[in-house]
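Trainee: Structure file final-v5.cif (mmCIF, C-alpha atoms and all ligand atoms) is given on the next line.
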```cif
data_query
loop_
_atom_site.label_atom_id
_atom_site.label_comp_id
_atom_site.auth_asym_id
_atom_site.auth_seq_id
_atom_site.Cartn_x
_atom_site.Cartn_y
_atom_site.Cartn_z
CA MET A 1 45.78 -74.35 4.61
CA SER A 2 45.68 -73.90 0.85
CA VAL A 3 45.83 -70.19 0.19
CA VAL A 4 45.11 -68.14 -2.92
CA GLU A 5 46.35 -64.57 -3.22
CA THR A 6 43.51 -62.23 -4.26
CA VAL A 7 43.74 -58.47 -4.80
CA LEU A 8 42.18 -58.01 -1.35
CA GLY A 9 44.57 -60.43 0.34
CA PRO A 10 44.94 -64.17 0.89
CA VAL A 11 41.81 -66.34 0.81
CA ALA A 12 41.51 -70.04 1.60
CA ALA A 13 41.13 -71.89 -1.69
CA ASP A 14 37.86 -73.51 -0.68
CA GLU A 15 36.41 -70.07 0.11
CA LEU A 16 36.65 -69.00 -3.53
CA GLY A 17 33.30 -70.54 -4.47
CA ASP A 18 32.53 -70.86 -8.19
CA VAL A 19 35.48 -69.69 -10.29
CA ASP A 20 35.61 -68.12 -13.75
CA ALA A 21 39.22 -69.02 -14.53
CA HIS A 22 39.94 -66.55 -17.34
CA GLU A 23 38.76 -62.95 -17.42
CA HIS A 24 39.98 -59.41 -17.99
CA VAL A 25 38.56 -56.70 -15.75
CA PHE A 26 40.57 -53.98 -17.48
CA LEU A 27 42.48 -54.38 -20.75
CA ARG A 28 44.32 -52.29 -23.28
CA THR A 29 46.43 -53.82 -26.03
CA PRO A 30 47.77 -52.64 -29.38
CA VAL A 31 46.45 -55.93 -30.82
CA ASN A 32 42.84 -54.67 -30.46
CA PRO A 33 43.01 -50.88 -30.97
CA GLY A 34 39.84 -49.05 -29.94
CA ASP A 35 38.55 -52.03 -27.97
CA GLU A 36 40.22 -51.17 -24.65
CA PHE A 37 38.18 -51.07 -21.43
CA LEU A 38 39.58 -49.20 -18.44
CA ASP A 39 36.52 -47.65 -16.77
CA THR A 40 36.20 -48.45 -13.07
CA ASP A 41 32.42 -47.97 -12.74
CA LYS A 42 31.74 -50.09 -15.80
CA ALA A 43 34.06 -52.82 -14.50
CA ALA A 44 32.16 -52.85 -11.22
CA ALA A 45 28.84 -53.04 -13.09
CA GLU A 46 30.10 -55.95 -15.18
CA LEU A 47 31.32 -57.80 -12.07
CA LEU A 48 27.96 -57.26 -10.36
CA ARG A 49 26.38 -59.09 -13.30
CA VAL A 50 28.94 -61.87 -12.91
CA ALA A 51 28.00 -62.16 -9.23
CA ALA A 52 24.30 -62.22 -10.13
CA GLY A 53 25.07 -65.13 -12.48
CA GLY A 54 26.39 -67.12 -9.51
CA ILE A 55 30.16 -66.75 -10.02
CA HIS A 56 32.13 -65.82 -6.89
CA THR A 57 35.70 -65.47 -8.19
CA VAL A 58 37.25 -64.28 -11.44
CA VAL A 59 40.84 -64.90 -12.44
CA ASP A 60 42.01 -61.75 -14.24
CA LEU A 61 44.68 -62.96 -16.65
CA THR A 62 45.79 -59.50 -17.79
CA PRO A 63 49.61 -59.50 -17.77
CA VAL A 64 52.13 -56.66 -17.36
CA GLY A 65 51.71 -53.62 -19.59
CA LEU A 66 48.21 -54.33 -20.89
CA GLY A 67 46.15 -52.02 -18.72
CA ARG A 68 46.37 -53.55 -15.25
CA ARG A 69 45.01 -51.16 -12.62
CA PRO A 70 45.76 -52.78 -9.23
CA GLY A 71 44.08 -50.18 -7.01
CA GLU A 72 40.95 -50.10 -9.14
CA LEU A 73 40.91 -53.92 -9.32
CA ALA A 74 40.76 -53.99 -5.54
CA GLU A 75 38.06 -51.31 -5.57
CA VAL A 76 35.76 -53.18 -7.98
CA SER A 77 36.33 -56.44 -6.14
CA ARG A 78 35.15 -54.73 -2.95
CA THR A 79 32.18 -53.06 -4.69
CA SER A 80 30.97 -56.24 -6.39
CA GLY A 81 31.84 -58.79 -3.73
CA VAL A 82 33.62 -60.87 -6.39
CA HIS A 83 37.08 -62.22 -5.48
CA VAL A 84 39.64 -61.19 -8.10
CA VAL A 85 42.87 -63.15 -8.57
CA ALA A 86 45.20 -60.90 -10.58
CA ALA A 87 48.05 -61.92 -12.85
CA THR A 88 51.57 -60.86 -13.55
CA GLY A 89 53.64 -62.08 -16.48
CA PHE A 90 53.92 -61.39 -20.18
CA HIS A 91 51.51 -62.09 -23.03
CA ARG A 92 52.55 -63.35 -26.46
CA SER A 93 54.98 -60.96 -28.09
CA ALA A 94 52.46 -59.41 -30.53
CA HIS A 95 51.03 -57.48 -27.56
CA TYR A 96 54.30 -55.59 -26.99
CA PRO A 97 55.55 -53.05 -29.57
CA ALA A 98 59.15 -53.29 -30.77
CA ALA A 99 60.35 -50.61 -28.31
CA HIS A 100 58.64 -52.07 -25.23
CA TRP A 101 61.05 -52.60 -22.33
CA ALA A 102 59.87 -56.20 -21.83
CA ARG A 103 61.55 -57.14 -25.12
CA HIS A 104 64.87 -55.62 -24.05
CA ALA A 105 65.13 -56.09 -20.28
CA ASP A 106 67.69 -58.60 -19.02
CA ASP A 107 66.58 -61.87 -17.44
CA ALA A 108 67.14 -60.70 -13.86
CA THR A 109 64.96 -57.62 -14.40
CA LEU A 110 62.16 -59.68 -15.93
CA LEU A 111 62.18 -61.98 -12.91
CA ASP A 112 62.32 -59.04 -10.47
CA VAL A 113 59.22 -57.49 -12.02
CA LEU A 114 57.26 -60.72 -11.60
CA LEU A 115 58.45 -61.34 -8.05
CA ASP A 116 57.66 -57.74 -7.04
CA ASP A 117 54.09 -58.14 -8.32
CA LEU A 118 53.69 -61.52 -6.58
CA GLN A 119 55.45 -60.86 -3.29
CA THR A 120 55.34 -57.12 -2.61
CA GLY A 121 52.33 -55.87 -4.55
CA MET A 122 51.59 -54.99 -8.17
CA ASP A 123 53.12 -51.78 -9.47
CA ARG A 124 50.63 -48.94 -9.42
CA HIS A 125 51.63 -47.81 -12.93
CA ASP A 126 51.80 -51.33 -14.36
CA TRP A 127 55.56 -50.91 -14.94
CA ASP A 128 55.06 -47.92 -17.23
CA PHE A 129 56.77 -45.31 -15.07
CA PRO A 130 60.47 -44.66 -14.32
CA ARG A 131 60.17 -45.72 -10.69
CA PRO A 132 57.98 -48.60 -9.42
CA VAL A 133 55.30 -47.71 -6.86
CA PRO A 134 54.19 -50.94 -5.23
CA THR A 135 50.55 -51.24 -4.17
CA SER A 136 49.38 -53.58 -1.42
CA HIS A 137 47.58 -55.74 -4.02
CA LYS A 138 49.51 -58.86 -4.97
CA ALA A 139 49.21 -60.94 -8.13
CA GLY A 140 48.13 -64.55 -7.53
CA ILE A 141 48.98 -66.24 -10.83
CA ILE A 142 51.49 -65.89 -13.68
CA LYS A 143 50.36 -65.40 -17.26
CA LEU A 144 52.47 -66.23 -20.31
CA GLY A 145 51.68 -66.34 -24.01
CA ALA A 146 52.69 -68.38 -27.05
CA SER A 147 52.32 -67.44 -30.71
CA TYR A 148 50.44 -69.47 -33.32
CA HIS A 149 52.17 -72.88 -33.54
CA ARG A 150 55.40 -71.45 -32.09
CA ILE A 151 57.06 -69.81 -29.14
CA ASP A 152 59.26 -66.96 -30.33
CA ARG A 153 62.57 -65.80 -28.79
CA HIS A 154 60.95 -63.12 -26.61
CA GLU A 155 58.28 -65.49 -25.38
CA GLU A 156 60.98 -68.06 -24.58
CA ARG A 157 62.69 -65.58 -22.23
CA TRP A 158 59.36 -64.63 -20.65
CA PHE A 159 58.59 -68.33 -20.12
CA ALA A 160 61.94 -68.73 -18.34
CA ALA A 161 61.23 -65.75 -16.07
CA GLY A 162 57.66 -66.90 -15.43
CA ALA A 163 58.80 -70.42 -14.58
CA ALA A 164 61.42 -69.11 -12.17
CA ALA A 165 58.84 -66.89 -10.46
CA ALA A 166 56.37 -69.81 -10.24
CA ARG A 167 59.05 -72.00 -8.64
CA ASP A 168 59.89 -69.26 -6.15
CA THR A 169 56.33 -68.44 -5.12
CA GLY A 170 54.32 -71.61 -5.73
CA VAL A 171 51.64 -69.89 -7.79
CA ALA A 172 50.11 -71.51 -10.86
CA LEU A 173 51.00 -70.51 -14.38
CA ALA A 174 48.48 -69.81 -17.17
CA VAL A 175 49.54 -69.89 -20.83
CA HIS A 176 47.69 -68.14 -23.64
CA THR A 177 47.73 -70.37 -26.72
CA GLU A 178 46.82 -69.10 -30.18
CA VAL A 179 43.81 -71.13 -31.31
CA GLY A 180 44.90 -73.93 -28.99
CA THR A 181 48.26 -74.53 -30.76
CA ALA A 182 51.81 -74.98 -29.39
CA THR A 183 50.36 -76.60 -26.28
CA HIS A 184 52.84 -79.47 -26.01
CA ALA A 185 55.67 -77.03 -26.79
CA ALA A 186 54.57 -74.78 -23.91
CA LEU A 187 54.51 -77.72 -21.49
CA ASP A 188 57.92 -78.89 -22.75
CA LEU A 189 59.47 -75.47 -22.22
CA LEU A 190 58.01 -75.02 -18.74
CA ASP A 191 59.09 -78.55 -17.80
CA LYS A 192 62.62 -77.67 -18.96
CA HIS A 193 62.50 -74.74 -16.54
CA GLY A 194 61.31 -76.88 -13.64
CA VAL A 195 57.55 -76.28 -13.66
CA PRO A 196 55.55 -79.51 -13.91
CA ALA A 197 52.51 -79.63 -16.21
CA GLY A 198 50.30 -80.05 -13.14
CA ARG A 199 50.87 -76.37 -12.26
CA VAL A 200 49.98 -75.16 -15.76
CA LEU A 201 46.65 -73.92 -17.11
CA LEU A 202 46.46 -73.91 -20.91
CA ALA A 203 44.09 -71.22 -22.16
CA HIS A 204 41.96 -71.24 -25.32
CA THR A 205 42.34 -74.97 -25.80
CA ASP A 206 38.64 -74.96 -26.72
CA ARG A 207 39.52 -72.97 -29.85
CA ASN A 208 40.92 -76.30 -31.03
CA PRO A 209 38.23 -78.66 -29.68
CA ASP A 210 40.19 -81.83 -30.35
CA PRO A 211 39.35 -84.33 -27.58
CA GLU A 212 42.30 -86.62 -28.32
CA LEU A 213 44.76 -83.74 -28.04
CA HIS A 214 43.12 -82.57 -24.84
CA LEU A 215 43.34 -86.01 -23.26
CA ASP A 216 47.03 -86.21 -24.24
CA LEU A 217 47.71 -82.85 -22.57
CA ILE A 218 45.81 -83.93 -19.47
CA ALA A 219 47.73 -87.21 -19.39
CA ARG A 220 50.85 -85.06 -18.97
CA GLY A 221 49.15 -83.44 -15.97
CA ALA A 222 48.10 -80.14 -17.56
CA HIS A 223 44.93 -78.23 -16.77
CA LEU A 224 42.84 -76.79 -19.61
CA VAL A 225 40.55 -73.81 -19.48
CA TYR A 226 37.68 -73.72 -21.94
CA ASP A 227 37.39 -69.97 -22.06
CA THR A 228 35.65 -68.91 -25.24
CA ILE A 229 32.19 -69.66 -23.89
CA GLY A 230 29.51 -67.53 -25.55
CA ARG A 231 31.79 -66.54 -28.45
CA ILE A 232 29.46 -67.97 -31.03
CA LYS A 233 31.49 -66.65 -33.96
CA TYR A 234 33.94 -69.46 -33.18
CA ARG A 235 31.33 -72.27 -32.93
CA PRO A 236 28.11 -73.00 -31.04
CA ASP A 237 28.41 -73.58 -27.28
CA SER A 238 27.02 -77.08 -27.85
CA VAL A 239 30.47 -78.04 -29.18
CA LEU A 240 31.91 -77.09 -25.78
CA LEU A 241 29.23 -79.07 -23.97
CA ASP A 242 30.15 -82.08 -26.12
CA LEU A 243 33.81 -81.54 -25.35
CA ILE A 244 33.21 -81.32 -21.59
CA GLU A 245 31.06 -84.44 -21.76
CA HIS A 246 33.91 -86.20 -23.54
CA MET A 247 36.32 -85.23 -20.74
CA ALA A 248 33.77 -86.33 -18.13
CA GLU A 249 33.41 -89.74 -19.77
CA ALA A 250 37.20 -90.08 -19.64
CA GLY A 251 37.14 -89.19 -15.92
CA ARG A 252 39.20 -86.04 -16.52
CA LEU A 253 37.00 -83.17 -15.36
CA ASN A 254 39.47 -82.60 -12.53
CA HIS A 255 41.72 -81.02 -15.20
CA ILE A 256 39.09 -78.72 -16.77
CA CYS A 257 38.28 -75.12 -15.83
CA LEU A 258 35.84 -72.72 -17.47
CA GLY A 259 36.00 -69.03 -18.34
CA THR A 260 34.71 -66.31 -20.59
CA ASP A 261 37.91 -64.40 -21.42
CA VAL A 262 36.16 -61.21 -22.39
CA GLY A 263 38.98 -59.26 -24.03
CA ARG A 264 37.13 -56.50 -25.89
CA LYS A 265 35.00 -53.55 -24.89
CA SER A 266 32.50 -54.69 -27.52
CA SER A 267 32.01 -57.97 -25.62
CA LEU A 268 30.96 -56.30 -22.36
CA ARG A 269 27.39 -55.50 -21.30
CA ALA A 270 28.52 -52.41 -19.38
CA TYR A 271 29.65 -50.91 -22.72
CA GLY A 272 26.50 -51.99 -24.57
CA GLY A 273 28.08 -55.10 -26.09
CA GLY A 274 27.83 -58.84 -25.62
CA PRO A 275 27.85 -61.68 -24.66
CA GLY A 276 29.02 -60.10 -21.37
CA MET A 277 31.40 -61.37 -18.72
CA ASP A 278 28.43 -63.05 -17.04
CA VAL A 279 27.68 -65.40 -19.93
CA LEU A 280 29.33 -68.32 -18.11
CA GLY A 281 27.09 -68.28 -15.03
CA ARG A 282 24.04 -66.88 -16.76
CA ASP A 283 23.76 -69.04 -19.89
CA PHE A 284 26.34 -71.79 -19.94
CA VAL A 285 26.31 -73.26 -16.44
CA PRO A 286 22.55 -74.03 -16.57
CA ARG A 287 23.09 -75.90 -19.84
CA LEU A 288 26.07 -77.77 -18.39
CA ARG A 289 24.06 -78.67 -15.30
CA ARG A 290 21.24 -80.02 -17.48
CA ARG A 291 23.70 -82.05 -19.55
CA LEU A 292 26.03 -83.45 -16.85
CA GLY A 293 24.49 -82.71 -13.44
CA ASP A 294 25.50 -80.87 -10.27
CA GLU A 295 28.62 -82.86 -9.47
CA ALA A 296 30.24 -82.12 -12.83
CA VAL A 297 29.48 -78.42 -12.46
CA GLU A 298 30.98 -78.41 -8.99
CA THR A 299 34.13 -80.10 -10.27
CA VAL A 300 34.84 -77.63 -13.08
CA LEU A 301 33.77 -74.47 -11.25
CA ARG A 302 35.10 -75.27 -7.78
CA HIS A 303 37.36 -78.24 -7.16
CA THR A 304 39.58 -78.00 -10.24
CA PRO A 305 40.28 -74.24 -10.24
CA GLN A 306 40.55 -74.05 -6.44
CA ALA A 307 43.18 -76.81 -6.36
CA LEU A 308 45.13 -75.24 -9.20
CA LEU A 309 45.10 -71.72 -7.75
CA ALA A 310 46.21 -72.78 -4.26
CA LYS A 311 49.87 -71.89 -3.75
CA GLU A 312 52.21 -74.86 -3.61
CA ILE A 313 55.09 -73.96 -1.37
CA SER A 314 58.13 -76.24 -1.14
CA GLY A 315 58.01 -79.99 -1.54
CA THR A 316 59.15 -79.67 -5.15
CA GLY A 317 62.75 -80.30 -4.24
CA LEU A 318 63.69 -77.43 -6.51
CA PRO A 319 66.15 -74.78 -5.40
CA ALA A 320 64.81 -71.31 -4.68
CA VAL A 321 65.44 -68.94 -7.53
CA GLY A 322 66.84 -65.48 -6.91
CA THR A 323 68.94 -65.00 -9.99
CA THR A 324 68.97 -66.42 -13.48
CA ALA A 325 71.95 -67.55 -15.46
ZN ZN A 401 42.57 -63.55 -22.02
#
```
Mind turning the file's structure into structure tokens?

Mentor:
Amino acid sequence: MSVVETVLGPVAADELGDVDAHEHVFLRTPVNPGDEFLDTDKAAAELLRVAAGGIHTVVDLTPVGLGRRPGELAEVSRTSGVHVVAATGFHRSAHYPAAHWARHADDATLLDVLLDDLQTGMDRHDWDFPRPVPTSHKAGIIKLGASYHRIDRHEERWFAAGAAAARDTGVALAVHTEVGTATHAALDLLDKHGVPAGRVLLAHTDRNPDPELHLDLIARGAHLVYDTIGRIKYRPDSVLLDLIEHMAEAGRLNHICLGTDVGRKSSLRAYGGGPGMDVLGRDFVPRLRRRLGDEAVETVLRHTPQALLAKEISGTGLPAVGTTA
């Protein structure tokens, strides 16, 4: 059975229903001061809207140190009925101040943190307390981040730790890209560390809606998540519909996922903002269905993300990783 680890325990991949493959239920980062959202009731209200829009699962790609609240994640998943797949890992380095431990920890410690979150349960204090207090809520995916057109020396170490943890646990690996850049570099680095492109989800590729680039990345095996839906300041959603149609014509929808990636309080309905975490199901999916039909919608919301999220244990021929060089 293909299993996905959610905050409420393992779920068969084909039980996930329609998946929003990039969200943040809670988030706090020095990159967006004043735009943090950590309220449990408001998170539940936002997820109820997501459920009303027809989405059954959200992948919360909030990595270590940016406001993860494992117990509350489980609580709002239960309240809303929405499956939540939580992340561990490290974002691009701009999200961690110069003194943050993640920049200074040795390789073995970085890997231990990820494996604890994936195998034991996410730390209650999101690794911001002298002694870890594991919860019973495991992460189900690894998140990494690359800078604009480059992967810096901190990110390189976090990629190595993330790749080792992915090899050990079989979970998929999502990579934040800045405006869709450094995508080939991210795949190269993960490949060097033994993670094939087929286990990688490249985020924000729709910020650089270049169909030729996307088809090249997919030809390597990578999955792409178009996750700035409803963020009209970037471009109209019709550009994304065109892009998805382009991928469909190339027969590549089995490498495309969709998401909203709401990363600011001001983007959430529960805080009086917009477009809301529910914009994918509410506004975009009906347009996609009208443009490409039911089967295409089912591919990008169900088959592709479900297959990617399902743990792949063994069969890679790679040695188990317990320590790093
Ligand atoms: Zn995000």

Trainee: Check which residues fall inside 7 Å of ligand ZN 401 (chain A) when counting all atoms listed in the file, and print them as a PDB file with C-alpha atoms, in the coordinates of the input.

Mentor:
```pdb
ATOM      1  CA  HIS A  22      39.940 -66.550 -17.340  1.00  0.00           C
ATOM      2  CA  GLU A  23      38.760 -62.950 -17.420  1.00  0.00           C
ATOM      3  CA  HIS A  24      39.980 -59.410 -17.990  1.00  0.00           C
ATOM      4  CA  LEU A  61      44.680 -62.960 -16.650  1.00  0.00           C
ATOM      5  CA  THR A  62      45.790 -59.500 -17.790  1.00  0.00           C
ATOM      6  CA  ASP A 261      37.910 -64.400 -21.420  1.00  0.00           C
ATOM      7  CA  VAL A 262      36.160 -61.210 -22.390  1.00  0.00           C
ATOM      8  CA  GLY A 263      38.980 -59.260 -24.030  1.00  0.00           C
TER       9      GLY A 263
END
```

Trainee: Can you pull out every residue within 10 Å of A:Leu8, counting only C-alpha atoms, but drop anything in the same chain fewer than 3 positions away, and send it as a PyMOL selection string?

Mentor: chain A and resi 5+11+71+73-75+77-78+83-85+136-138

Trainee: Can you work out the spacing between atom CA of A:Gly53 and atom CA of A:Ala13 in Å, to one decimal?

Mentor: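 Separation between atom CA of A:Gly53 and atom CA of A:Ala13: 20.5 Å.
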
Trainee: Determine the nearest neighbour of A:Asp278 from the options A:Ala51, A:Leu189, A:Ala248, A:Leu38, counting only C-alpha atoms.

Mentor: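 Looking at the shortest contact to A:Asp278, the residue is A:Ala51.
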
Trainee: Quick one: everything within 12 Å of A:Val239, counting only C-alpha atoms, minus sequence neighbours fewer than 3 positions away in the same chain. Send it as a PDB file with C-alpha atoms, in the coordinates of the input.

Mentor:
```pdb
ATOM      1  CA  ASP A 206      38.640 -74.960 -26.720  1.00  0.00           C
ATOM      2  CA  ARG A 207      39.520 -72.970 -29.850  1.00  0.00           C
ATOM      3  CA  ASN A 208      40.920 -76.300 -31.030  1.00  0.00           C
ATOM      4  CA  PRO A 209      38.230 -78.660 -29.680  1.00  0.00           C
ATOM      5  CA  ASP A 210      40.190 -81.830 -30.350  1.00  0.00           C
ATOM      6  CA  PRO A 211      39.350 -84.330 -27.580  1.00  0.00           C
ATOM      7  CA  TYR A 226      37.680 -73.720 -21.940  1.00  0.00           C
ATOM      8  CA  THR A 228      35.650 -68.910 -25.240  1.00  0.00           C
ATOM      9  CA  ILE A 229      32.190 -69.660 -23.890  1.00  0.00           C
ATOM     10  CA  GLY A 230      29.510 -67.530 -25.550  1.00  0.00           C
ATOM     11  CA  ARG A 231      31.790 -66.540 -28.450  1.00  0.00           C
ATOM     12  CA  ILE A 232      29.460 -67.970 -31.030  1.00  0.00           C
ATOM     13  CA  TYR A 234      33.940 -69.460 -33.180  1.00  0.00           C
ATOM     14  CA  ARG A 235      31.330 -72.270 -32.930  1.00  0.00           C
ATOM     15  CA  PRO A 236      28.110 -73.000 -31.040  1.00  0.00           C
ATOM     16  CA  ASP A 242      30.150 -82.080 -26.120  1.00  0.00           C
ATOM     17  CA  LEU A 243      33.810 -81.540 -25.350  1.00  0.00           C
ATOM     18  CA  ILE A 244      33.210 -81.320 -21.590  1.00  0.00           C
ATOM     19  CA  GLU A 245      31.060 -84.440 -21.760  1.00  0.00           C
ATOM     20  CA  HIS A 246      33.910 -86.200 -23.540  1.00  0.00           C
ATOM     21  CA  PHE A 284      26.340 -71.790 -19.940  1.00  0.00           C
ATOM     22  CA  LEU A 288      26.070 -77.770 -18.390  1.00  0.00           C
TER      23      LEU A 288
END
```

Trainee: Might you pull out every residue within 10 Å of A:His91, with only C-alpha atoms counted and same-chain residues fewer than 3 positions away left off, and present them as a PDB file with C-alpha atoms, in the coordinates of the input?

Mentor:
```pdb
ATOM      1  CA  LEU A  61      44.680 -62.960 -16.650  1.00  0.00           C
ATOM      2  CA  THR A  62      45.790 -59.500 -17.790  1.00  0.00           C
ATOM      3  CA  PRO A  63      49.610 -59.500 -17.770  1.00  0.00           C
ATOM      4  CA  VAL A  64      52.130 -56.660 -17.360  1.00  0.00           C
ATOM      5  CA  GLY A  65      51.710 -53.620 -19.590  1.00  0.00           C
ATOM      6  CA  LEU A  66      48.210 -54.330 -20.890  1.00  0.00           C
ATOM      7  CA  THR A  88      51.570 -60.860 -13.550  1.00  0.00           C
ATOM      8  CA  ALA A  94      52.460 -59.410 -30.530  1.00  0.00           C
ATOM      9  CA  HIS A  95      51.030 -57.480 -27.560  1.00  0.00           C
ATOM     10  CA  TYR A  96      54.300 -55.590 -26.990  1.00  0.00           C
ATOM     11  CA  LYS A 143      50.360 -65.400 -17.260  1.00  0.00           C
ATOM     12  CA  LEU A 144      52.470 -66.230 -20.310  1.00  0.00           C
ATOM     13  CA  GLY A 145      51.680 -66.340 -24.010  1.00  0.00           C
ATOM     14  CA  ALA A 146      52.690 -68.380 -27.050  1.00  0.00           C
ATOM     15  CA  SER A 147      52.320 -67.440 -30.710  1.00  0.00           C
ATOM     16  CA  GLU A 155      58.280 -65.490 -25.380  1.00  0.00           C
ATOM     17  CA  TRP A 158      59.360 -64.630 -20.650  1.00  0.00           C
ATOM     18  CA  PHE A 159      58.590 -68.330 -20.120  1.00  0.00           C
ATOM     19  CA  VAL A 175      49.540 -69.890 -20.830  1.00  0.00           C
ATOM     20  CA  HIS A 176      47.690 -68.140 -23.640  1.00  0.00           C
ATOM     21  CA  THR A 177      47.730 -70.370 -26.720  1.00  0.00           C
TER      22      THR A 177
END
```

Trainee: Counting only C-alpha atoms, which residue out of A:Arg290, A:Glu298, A:His214, A:Gly274 sits closest to A:Leu241?

Mentor: A:Arg290

Trainee: For the atom pair atom CA of A:Phe26 and atom CA of A:His184, what is the interatomic distance in Å to one decimal place?

Mentor: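 Pair atom CA of A:Phe26 / atom CA of A:His184 returns 29.5 Å.
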